[in-house]
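**Student:** Next comes the structure file upload.cif, holding mmCIF, N, CA and C atoms.
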```
data_start
#
loop_
_atom_site.label_atom_id
_atom_site.label_comp_id
_atom_site.auth_asym_id
_atom_site.auth_seq_id
_atom_site.Cartn_x
_atom_site.Cartn_y
_atom_site.Cartn_z
N MET A 1 81.24 41.44 87.20
CA MET A 1 80.53 42.65 86.86
C MET A 1 79.03 42.37 86.79
N GLU A 2 78.28 43.28 87.34
CA GLU A 2 76.83 43.18 87.29
C GLU A 2 76.37 43.35 85.83
N ASN A 3 75.26 42.78 85.49
CA ASN A 3 74.73 42.84 84.14
C ASN A 3 74.49 44.29 83.73
N PRO A 4 75.14 44.77 82.66
CA PRO A 4 74.99 46.18 82.27
C PRO A 4 73.56 46.53 81.84
N TYR A 5 72.82 45.56 81.32
CA TYR A 5 71.42 45.83 80.98
C TYR A 5 70.61 46.11 82.23
N ASN A 6 70.90 45.37 83.30
CA ASN A 6 70.20 45.61 84.57
C ASN A 6 70.60 46.96 85.17
N ILE A 7 71.86 47.31 85.07
CA ILE A 7 72.33 48.58 85.62
C ILE A 7 71.60 49.75 84.96
N LEU A 8 71.47 49.69 83.62
CA LEU A 8 70.81 50.79 82.90
C LEU A 8 69.29 50.62 82.84
N GLY A 9 68.79 49.46 83.22
CA GLY A 9 67.35 49.23 83.22
C GLY A 9 66.77 49.13 81.82
N VAL A 10 67.52 48.54 80.91
CA VAL A 10 67.05 48.36 79.54
C VAL A 10 67.09 46.87 79.19
N SER A 11 66.36 46.52 78.15
CA SER A 11 66.35 45.12 77.72
C SER A 11 67.53 44.87 76.79
N PRO A 12 67.91 43.61 76.60
CA PRO A 12 68.98 43.29 75.66
C PRO A 12 68.66 43.66 74.22
N THR A 13 67.40 43.88 73.91
CA THR A 13 67.02 44.27 72.55
C THR A 13 66.86 45.79 72.41
N ALA A 14 67.24 46.54 73.43
CA ALA A 14 67.09 48.00 73.41
C ALA A 14 67.94 48.61 72.30
N SER A 15 67.41 49.67 71.73
CA SER A 15 68.15 50.38 70.67
C SER A 15 69.25 51.23 71.30
N THR A 16 70.16 51.68 70.48
CA THR A 16 71.25 52.54 70.96
C THR A 16 70.67 53.82 71.56
N GLU A 17 69.60 54.32 70.97
CA GLU A 17 68.96 55.54 71.48
C GLU A 17 68.34 55.30 72.86
N ASP A 18 67.71 54.14 73.06
CA ASP A 18 67.13 53.81 74.38
C ASP A 18 68.23 53.70 75.44
N ILE A 19 69.35 53.11 75.06
CA ILE A 19 70.47 52.98 75.99
C ILE A 19 71.01 54.35 76.36
N LYS A 20 71.12 55.22 75.38
CA LYS A 20 71.62 56.57 75.63
C LYS A 20 70.67 57.34 76.56
N LYS A 21 69.36 57.23 76.34
CA LYS A 21 68.37 57.91 77.18
C LYS A 21 68.45 57.42 78.62
N ALA A 22 68.53 56.10 78.78
CA ALA A 22 68.62 55.52 80.12
C ALA A 22 69.90 55.98 80.82
N TYR A 23 71.00 55.98 80.08
CA TYR A 23 72.28 56.42 80.65
C TYR A 23 72.20 57.86 81.13
N ARG A 24 71.68 58.72 80.28
CA ARG A 24 71.61 60.15 80.65
C ARG A 24 70.76 60.38 81.88
N ALA A 25 69.61 59.71 81.94
CA ALA A 25 68.73 59.88 83.10
C ALA A 25 69.40 59.38 84.39
N LEU A 26 70.02 58.21 84.32
CA LEU A 26 70.67 57.66 85.52
C LEU A 26 71.92 58.43 85.89
N ALA A 27 72.68 58.89 84.89
CA ALA A 27 73.89 59.65 85.18
C ALA A 27 73.55 60.96 85.88
N MET A 28 72.49 61.61 85.44
CA MET A 28 72.06 62.86 86.09
C MET A 28 71.63 62.60 87.53
N ARG A 29 70.94 61.49 87.73
CA ARG A 29 70.41 61.17 89.06
C ARG A 29 71.49 60.75 90.04
N HIS A 30 72.52 60.05 89.55
CA HIS A 30 73.53 59.49 90.45
C HIS A 30 74.89 60.19 90.37
N HIS A 31 74.98 61.29 89.64
CA HIS A 31 76.26 61.99 89.54
C HIS A 31 76.66 62.50 90.93
N PRO A 32 77.91 62.27 91.34
CA PRO A 32 78.34 62.67 92.69
C PRO A 32 78.19 64.16 92.98
N ASP A 33 78.23 65.00 91.96
CA ASP A 33 78.04 66.44 92.19
C ASP A 33 76.59 66.80 92.45
N ARG A 34 75.67 65.94 92.05
CA ARG A 34 74.24 66.21 92.23
C ARG A 34 73.62 65.36 93.34
N ASN A 35 74.23 64.25 93.67
CA ASN A 35 73.66 63.32 94.65
C ASN A 35 74.62 63.19 95.83
N PRO A 36 74.23 63.65 97.01
CA PRO A 36 75.13 63.62 98.16
C PRO A 36 75.25 62.24 98.83
N HIS A 37 74.49 61.26 98.39
CA HIS A 37 74.52 59.93 99.01
C HIS A 37 75.93 59.34 98.90
N SER A 38 76.34 58.63 99.91
CA SER A 38 77.71 58.09 99.95
C SER A 38 78.00 57.08 98.84
N SER A 39 76.99 56.39 98.35
CA SER A 39 77.22 55.39 97.31
C SER A 39 76.98 55.94 95.90
N ALA A 40 76.74 57.24 95.78
CA ALA A 40 76.43 57.83 94.47
C ALA A 40 77.59 57.66 93.49
N GLU A 41 78.83 57.85 93.96
CA GLU A 41 79.97 57.74 93.06
C GLU A 41 80.15 56.32 92.55
N VAL A 42 79.97 55.34 93.43
CA VAL A 42 80.09 53.93 93.03
C VAL A 42 79.01 53.60 92.00
N ARG A 43 77.80 54.03 92.26
CA ARG A 43 76.68 53.76 91.35
C ARG A 43 76.92 54.47 90.01
N PHE A 44 77.39 55.72 90.07
CA PHE A 44 77.67 56.47 88.84
C PHE A 44 78.73 55.77 88.00
N ASN A 45 79.78 55.26 88.63
CA ASN A 45 80.84 54.56 87.89
C ASN A 45 80.31 53.28 87.25
N ALA A 46 79.42 52.57 87.95
CA ALA A 46 78.82 51.36 87.37
C ALA A 46 77.96 51.72 86.16
N ILE A 47 77.22 52.82 86.25
CA ILE A 47 76.39 53.28 85.14
C ILE A 47 77.27 53.65 83.95
N LYS A 48 78.37 54.35 84.23
CA LYS A 48 79.28 54.77 83.17
C LYS A 48 79.90 53.56 82.47
N LYS A 49 80.36 52.57 83.25
CA LYS A 49 80.95 51.36 82.64
C LYS A 49 79.93 50.59 81.81
N ALA A 50 78.70 50.49 82.31
CA ALA A 50 77.65 49.79 81.56
C ALA A 50 77.38 50.51 80.24
N TYR A 51 77.34 51.82 80.26
CA TYR A 51 77.09 52.57 79.03
C TYR A 51 78.25 52.42 78.05
N GLU A 52 79.47 52.46 78.57
CA GLU A 52 80.63 52.30 77.68
C GLU A 52 80.60 50.95 76.98
N LEU A 53 80.17 49.92 77.69
CA LEU A 53 80.09 48.58 77.10
C LEU A 53 78.96 48.49 76.07
N LEU A 54 77.78 48.98 76.44
CA LEU A 54 76.61 48.81 75.58
C LEU A 54 76.54 49.81 74.42
N SER A 55 77.24 50.92 74.52
CA SER A 55 77.19 51.90 73.43
C SER A 55 78.13 51.55 72.29
N ASP A 56 79.09 50.68 72.53
CA ASP A 56 80.02 50.24 71.48
C ASP A 56 79.46 48.95 70.87
N PRO A 57 79.07 48.97 69.60
CA PRO A 57 78.44 47.78 68.99
C PRO A 57 79.28 46.51 69.08
N GLN A 58 80.59 46.63 68.92
CA GLN A 58 81.44 45.44 68.97
C GLN A 58 81.52 44.88 70.39
N LYS A 59 81.72 45.75 71.38
CA LYS A 59 81.78 45.29 72.77
C LYS A 59 80.44 44.70 73.20
N ARG A 60 79.35 45.32 72.74
CA ARG A 60 78.02 44.83 73.09
C ARG A 60 77.80 43.44 72.51
N ALA A 61 78.20 43.24 71.25
CA ALA A 61 78.04 41.93 70.61
C ALA A 61 78.86 40.86 71.33
N GLU A 62 80.08 41.21 71.72
CA GLU A 62 80.92 40.26 72.47
C GLU A 62 80.31 39.93 73.82
N TYR A 63 79.79 40.94 74.50
CA TYR A 63 79.15 40.70 75.81
C TYR A 63 77.92 39.80 75.64
N ASN A 64 77.08 40.11 74.65
CA ASN A 64 75.88 39.31 74.42
C ASN A 64 76.24 37.86 74.10
N TYR A 65 77.29 37.67 73.32
CA TYR A 65 77.72 36.31 72.99
C TYR A 65 78.16 35.56 74.25
N SER A 66 78.96 36.22 75.08
CA SER A 66 79.42 35.56 76.30
C SER A 66 78.28 35.35 77.29
N LEU A 67 77.32 36.26 77.32
CA LEU A 67 76.18 36.14 78.22
C LEU A 67 75.31 34.95 77.82
N ASN A 68 75.12 34.79 76.53
CA ASN A 68 74.25 33.72 76.04
C ASN A 68 74.91 32.35 76.10
N ASN A 69 76.22 32.30 76.26
CA ASN A 69 76.93 31.03 76.25
C ASN A 69 77.62 30.72 77.58
N ARG A 70 77.18 31.32 78.64
CA ARG A 70 77.83 31.06 79.93
C ARG A 70 77.01 30.07 80.75
N ILE A 71 77.68 29.42 81.64
CA ILE A 71 77.04 28.49 82.55
C ILE A 71 76.93 29.18 83.90
N ILE A 72 75.76 29.14 84.48
CA ILE A 72 75.57 29.78 85.78
C ILE A 72 76.04 28.78 86.84
N ILE A 73 77.14 29.13 87.50
CA ILE A 73 77.73 28.27 88.52
C ILE A 73 76.93 28.35 89.82
N ASP A 74 76.51 29.55 90.18
CA ASP A 74 75.81 29.77 91.45
C ASP A 74 74.47 30.46 91.17
N PRO A 75 73.41 29.70 90.90
CA PRO A 75 72.14 30.32 90.55
C PRO A 75 71.56 31.19 91.67
N GLU A 76 71.80 30.82 92.92
CA GLU A 76 71.29 31.63 94.03
C GLU A 76 71.94 33.02 94.02
N ASN A 77 73.26 33.06 93.81
CA ASN A 77 73.96 34.34 93.74
C ASN A 77 73.50 35.14 92.53
N GLU A 78 73.26 34.47 91.42
CA GLU A 78 72.78 35.13 90.20
C GLU A 78 71.41 35.77 90.46
N ALA A 79 70.52 35.03 91.09
CA ALA A 79 69.19 35.57 91.41
C ALA A 79 69.30 36.74 92.37
N GLN A 80 70.14 36.61 93.39
CA GLN A 80 70.34 37.71 94.36
C GLN A 80 70.84 38.95 93.64
N SER A 81 71.76 38.79 92.71
CA SER A 81 72.30 39.92 91.96
C SER A 81 71.23 40.58 91.10
N LEU A 82 70.43 39.78 90.42
CA LEU A 82 69.37 40.32 89.57
C LEU A 82 68.32 41.08 90.38
N TRP A 83 67.85 40.46 91.49
CA TRP A 83 66.87 41.14 92.32
C TRP A 83 67.46 42.38 93.00
N GLY A 84 68.72 42.28 93.39
CA GLY A 84 69.39 43.42 94.02
C GLY A 84 69.47 44.61 93.09
N SER A 85 69.80 44.36 91.83
CA SER A 85 69.89 45.47 90.88
C SER A 85 68.51 46.07 90.60
N LEU A 86 67.48 45.23 90.57
CA LEU A 86 66.13 45.73 90.35
C LEU A 86 65.70 46.63 91.51
N PHE A 87 65.89 46.15 92.74
CA PHE A 87 65.48 46.93 93.90
C PHE A 87 66.33 48.19 94.07
N SER A 88 67.62 48.13 93.75
CA SER A 88 68.48 49.30 93.91
C SER A 88 68.06 50.41 92.95
N ARG A 89 67.50 50.06 91.80
CA ARG A 89 66.97 51.08 90.88
C ARG A 89 65.81 51.83 91.51
N CYS A 90 65.13 51.18 92.45
CA CYS A 90 64.01 51.82 93.15
C CYS A 90 64.45 52.46 94.46
N GLY A 91 65.75 52.43 94.73
CA GLY A 91 66.27 53.05 95.95
C GLY A 91 66.23 52.15 97.17
N ILE A 92 66.02 50.86 96.97
CA ILE A 92 65.95 49.92 98.08
C ILE A 92 67.19 49.04 98.05
N GLU A 93 67.93 49.03 99.13
CA GLU A 93 69.13 48.18 99.21
C GLU A 93 68.78 46.92 99.98
N LEU A 94 69.00 45.77 99.35
CA LEU A 94 68.77 44.49 100.00
C LEU A 94 69.99 44.10 100.82
N PRO A 95 69.78 43.45 101.95
CA PRO A 95 70.95 42.98 102.72
C PRO A 95 71.67 41.88 101.95
N ARG A 96 72.98 41.89 102.02
CA ARG A 96 73.78 40.87 101.34
C ARG A 96 73.68 39.57 102.11
N ASN A 97 73.54 38.48 101.40
CA ASN A 97 73.43 37.17 102.01
C ASN A 97 74.81 36.51 101.96
N ASP A 98 75.60 36.69 103.01
CA ASP A 98 76.95 36.12 103.06
C ASP A 98 76.89 34.70 103.58
N GLN A 99 77.49 33.79 102.84
CA GLN A 99 77.54 32.39 103.24
C GLN A 99 78.52 32.16 104.37
N SER A 100 79.47 33.08 104.57
CA SER A 100 80.50 32.89 105.59
C SER A 100 79.95 32.97 107.01
N SER A 101 78.77 33.57 107.20
CA SER A 101 78.22 33.72 108.54
C SER A 101 77.47 32.48 109.00
N ILE A 102 77.32 31.49 108.15
CA ILE A 102 76.58 30.27 108.50
C ILE A 102 77.44 29.35 109.33
#
```
If you convert what's in this file into structure tokens, what do you get?

**Tutor:**
Amino acid sequence: MENPYNILGVSPTASTEDIKKAYRALAMRHHPDRNPHSSAEVRFNAIKKAYELLSDPQKRAEYNYSLNNRIIIDPENEAQSLWGSLFSRCGIELPRNDQSSI
């Protein structure tokens, strides 16, 4: 799963109110009934899952604990994911770097 903080565009120290504001803005923008783009539904579902995780204090605490105590196995993939989520918030889709084509 992509980092829910990146999906909503908030920091890990964001308040519940900031998370709610970000969710509402993104949900309105990417809702399939309002956005005809083919990937709108996928993006909307990711936004919804991120909000469900971060709006529940217990789930958020568990996620933060696991995030802070994980080992990054593939730093290149992690960086690609982080930059991809940043650019996708601006409407720019980066090409996927598949290792299988090498």

**Student:** Residue by residue, what does the PyMOL selection byres (((chain A and resi 25 and name CA) around 12) and name CA) grab here? Present the result as a list in words.

**Tutor:**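 Evaluating the PyMOL selection byres (((chain A and resi 25 and name CA) around 12) and name CA) on this file yields Leu8, Gly9, Asp18, Ile19, Lys20, Lys21, Ala22, Tyr23, Arg24, Leu26, Ala27, Met28, Arg29, His30, His31, Phe44, Ile47, Lys48, Tyr51 and Arg89 of chain A.
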
**Student:** Between atom C of Pro12 in chain A and CA of Asn64 in chain A, what is the distance, to one decimal in Å?

**Tutor:**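 Atom C of Pro12 in chain A sits 8.4 Å away from CA of Asn64 in chain A.
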
**Student:** Report the centre and edge lengths, in Å to one decimal, of an axis-aligned box enclosing every atom of range 80-89 of chain A listed in the file, padded by 8 Å on each side, as AutoDock Vina command-line options.

**Tutor:**
```
--center_x 68.9 --center_y 44.2 --center_z 92.0 --size_x 22.8 --size_y 31.2 --size_z 20.8
```

**Student:** Please identify the helix (DSSP H, G or I) residues within chain A (assignment by DSSP from backbone atoms) and present them as a short mmCIF file (atom, residue, chain, number, x, y, z; two decimals) with N, CA and C atoms, in the frame of the given file.

**Tutor:**
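For reference, selection.cif as written:
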```cif
data_model
loop_
_atom_site.label_atom_id
_atom_site.label_comp_id
_atom_site.auth_asym_id
_atom_site.auth_seq_id
_atom_site.Cartn_x
_atom_site.Cartn_y
_atom_site.Cartn_z
N PRO A 4 75.14 44.77 82.66
CA PRO A 4 74.99 46.18 82.27
C PRO A 4 73.56 46.53 81.84
N TYR A 5 72.82 45.56 81.32
CA TYR A 5 71.42 45.83 80.98
C TYR A 5 70.61 46.11 82.23
N ASN A 6 70.90 45.37 83.30
CA ASN A 6 70.20 45.61 84.57
C ASN A 6 70.60 46.96 85.17
N ILE A 7 71.86 47.31 85.07
CA ILE A 7 72.33 48.58 85.62
C ILE A 7 71.60 49.75 84.96
N LEU A 8 71.47 49.69 83.62
CA LEU A 8 70.81 50.79 82.90
C LEU A 8 69.29 50.62 82.84
N THR A 16 70.16 51.68 70.48
CA THR A 16 71.25 52.54 70.96
C THR A 16 70.67 53.82 71.56
N GLU A 17 69.60 54.32 70.97
CA GLU A 17 68.96 55.54 71.48
C GLU A 17 68.34 55.30 72.86
N ASP A 18 67.71 54.14 73.06
CA ASP A 18 67.13 53.81 74.38
C ASP A 18 68.23 53.70 75.44
N ILE A 19 69.35 53.11 75.06
CA ILE A 19 70.47 52.98 75.99
C ILE A 19 71.01 54.35 76.36
N LYS A 20 71.12 55.22 75.38
CA LYS A 20 71.62 56.57 75.63
C LYS A 20 70.67 57.34 76.56
N LYS A 21 69.36 57.23 76.34
CA LYS A 21 68.37 57.91 77.18
C LYS A 21 68.45 57.42 78.62
N ALA A 22 68.53 56.10 78.78
CA ALA A 22 68.62 55.52 80.12
C ALA A 22 69.90 55.98 80.82
N TYR A 23 71.00 55.98 80.08
CA TYR A 23 72.28 56.42 80.65
C TYR A 23 72.20 57.86 81.13
N ARG A 24 71.68 58.72 80.28
CA ARG A 24 71.61 60.15 80.65
C ARG A 24 70.76 60.38 81.88
N ALA A 25 69.61 59.71 81.94
CA ALA A 25 68.73 59.88 83.10
C ALA A 25 69.40 59.38 84.39
N LEU A 26 70.02 58.21 84.32
CA LEU A 26 70.67 57.66 85.52
C LEU A 26 71.92 58.43 85.89
N ALA A 27 72.68 58.89 84.89
CA ALA A 27 73.89 59.65 85.18
C ALA A 27 73.55 60.96 85.88
N MET A 28 72.49 61.61 85.44
CA MET A 28 72.06 62.86 86.09
C MET A 28 71.63 62.60 87.53
N ARG A 29 70.94 61.49 87.73
CA ARG A 29 70.41 61.17 89.06
C ARG A 29 71.49 60.75 90.04
N HIS A 30 72.52 60.05 89.55
CA HIS A 30 73.53 59.49 90.45
C HIS A 30 74.89 60.19 90.37
N ALA A 40 76.74 57.24 95.78
CA ALA A 40 76.43 57.83 94.47
C ALA A 40 77.59 57.66 93.49
N GLU A 41 78.83 57.85 93.96
CA GLU A 41 79.97 57.74 93.06
C GLU A 41 80.15 56.32 92.55
N VAL A 42 79.97 55.34 93.43
CA VAL A 42 80.09 53.93 93.03
C VAL A 42 79.01 53.60 92.00
N ARG A 43 77.80 54.03 92.26
CA ARG A 43 76.68 53.76 91.35
C ARG A 43 76.92 54.47 90.01
N PHE A 44 77.39 55.72 90.07
CA PHE A 44 77.67 56.47 88.84
C PHE A 44 78.73 55.77 88.00
N ASN A 45 79.78 55.26 88.63
CA ASN A 45 80.84 54.56 87.89
C ASN A 45 80.31 53.28 87.25
N ALA A 46 79.42 52.57 87.95
CA ALA A 46 78.82 51.36 87.37
C ALA A 46 77.96 51.72 86.16
N ILE A 47 77.22 52.82 86.25
CA ILE A 47 76.39 53.28 85.14
C ILE A 47 77.27 53.65 83.95
N LYS A 48 78.37 54.35 84.23
CA LYS A 48 79.28 54.77 83.17
C LYS A 48 79.90 53.56 82.47
N LYS A 49 80.36 52.57 83.25
CA LYS A 49 80.95 51.36 82.64
C LYS A 49 79.93 50.59 81.81
N ALA A 50 78.70 50.49 82.31
CA ALA A 50 77.65 49.79 81.56
C ALA A 50 77.38 50.51 80.24
N TYR A 51 77.34 51.82 80.26
CA TYR A 51 77.09 52.57 79.03
C TYR A 51 78.25 52.42 78.05
N GLU A 52 79.47 52.46 78.57
CA GLU A 52 80.63 52.30 77.68
C GLU A 52 80.60 50.95 76.98
N LEU A 53 80.17 49.92 77.69
CA LEU A 53 80.09 48.58 77.10
C LEU A 53 78.96 48.49 76.07
N LEU A 54 77.78 48.98 76.44
CA LEU A 54 76.61 48.81 75.58
C LEU A 54 76.54 49.81 74.42
N SER A 55 77.24 50.92 74.52
CA SER A 55 77.19 51.90 73.43
C SER A 55 78.13 51.55 72.29
N PRO A 57 79.07 48.97 69.60
CA PRO A 57 78.44 47.78 68.99
C PRO A 57 79.28 46.51 69.08
N GLN A 58 80.59 46.63 68.92
CA GLN A 58 81.44 45.44 68.97
C GLN A 58 81.52 44.88 70.39
N LYS A 59 81.72 45.75 71.38
CA LYS A 59 81.78 45.29 72.77
C LYS A 59 80.44 44.70 73.20
N ARG A 60 79.35 45.32 72.74
CA ARG A 60 78.02 44.83 73.09
C ARG A 60 77.80 43.44 72.51
N ALA A 61 78.20 43.24 71.25
CA ALA A 61 78.04 41.93 70.61
C ALA A 61 78.86 40.86 71.33
N GLU A 62 80.08 41.21 71.72
CA GLU A 62 80.92 40.26 72.47
C GLU A 62 80.31 39.93 73.82
N TYR A 63 79.79 40.94 74.50
CA TYR A 63 79.15 40.70 75.81
C TYR A 63 77.92 39.80 75.64
N ASN A 64 77.08 40.11 74.65
CA ASN A 64 75.88 39.31 74.42
C ASN A 64 76.24 37.86 74.10
N TYR A 65 77.29 37.67 73.32
CA TYR A 65 77.72 36.31 72.99
C TYR A 65 78.16 35.56 74.25
N SER A 66 78.96 36.22 75.08
CA SER A 66 79.42 35.56 76.30
C SER A 66 78.28 35.35 77.29
N LEU A 67 77.32 36.26 77.32
CA LEU A 67 76.18 36.14 78.22
C LEU A 67 75.31 34.95 77.82
N ASN A 68 75.12 34.79 76.53
CA ASN A 68 74.25 33.72 76.04
C ASN A 68 74.91 32.35 76.10
N PRO A 75 73.41 29.70 90.90
CA PRO A 75 72.14 30.32 90.55
C PRO A 75 71.56 31.19 91.67
N GLU A 76 71.80 30.82 92.92
CA GLU A 76 71.29 31.63 94.03
C GLU A 76 71.94 33.02 94.02
N ASN A 77 73.26 33.06 93.81
CA ASN A 77 73.96 34.34 93.74
C ASN A 77 73.50 35.14 92.53
N GLU A 78 73.26 34.47 91.42
CA GLU A 78 72.78 35.13 90.20
C GLU A 78 71.41 35.77 90.46
N ALA A 79 70.52 35.03 91.09
CA ALA A 79 69.19 35.57 91.41
C ALA A 79 69.30 36.74 92.37
N GLN A 80 70.14 36.61 93.39
CA GLN A 80 70.34 37.71 94.36
C GLN A 80 70.84 38.95 93.64
N SER A 81 71.76 38.79 92.71
CA SER A 81 72.30 39.92 91.96
C SER A 81 71.23 40.58 91.10
N LEU A 82 70.43 39.78 90.42
CA LEU A 82 69.37 40.32 89.57
C LEU A 82 68.32 41.08 90.38
N TRP A 83 67.85 40.46 91.49
CA TRP A 83 66.87 41.14 92.32
C TRP A 83 67.46 42.38 93.00
N GLY A 84 68.72 42.28 93.39
CA GLY A 84 69.39 43.42 94.02
C GLY A 84 69.47 44.61 93.09
N SER A 85 69.80 44.36 91.83
CA SER A 85 69.89 45.47 90.88
C SER A 85 68.51 46.07 90.60
N LEU A 86 67.48 45.23 90.57
CA LEU A 86 66.13 45.73 90.35
C LEU A 86 65.70 46.63 91.51
N PHE A 87 65.89 46.15 92.74
CA PHE A 87 65.48 46.93 93.90
C PHE A 87 66.33 48.19 94.07
N SER A 88 67.62 48.13 93.75
CA SER A 88 68.48 49.30 93.91
C SER A 88 68.06 50.41 92.95
N ARG A 89 67.50 50.06 91.80
CA ARG A 89 66.97 51.08 90.88
C ARG A 89 65.81 51.83 91.51
N GLN A 99 77.49 33.79 102.84
CA GLN A 99 77.54 32.39 103.24
C GLN A 99 78.52 32.16 104.37
N SER A 100 79.47 33.08 104.57
CA SER A 100 80.50 32.89 105.59
C SER A 100 79.95 32.97 107.01
N SER A 101 78.77 33.57 107.20
CA SER A 101 78.22 33.72 108.54
C SER A 101 77.47 32.48 109.00
#
```
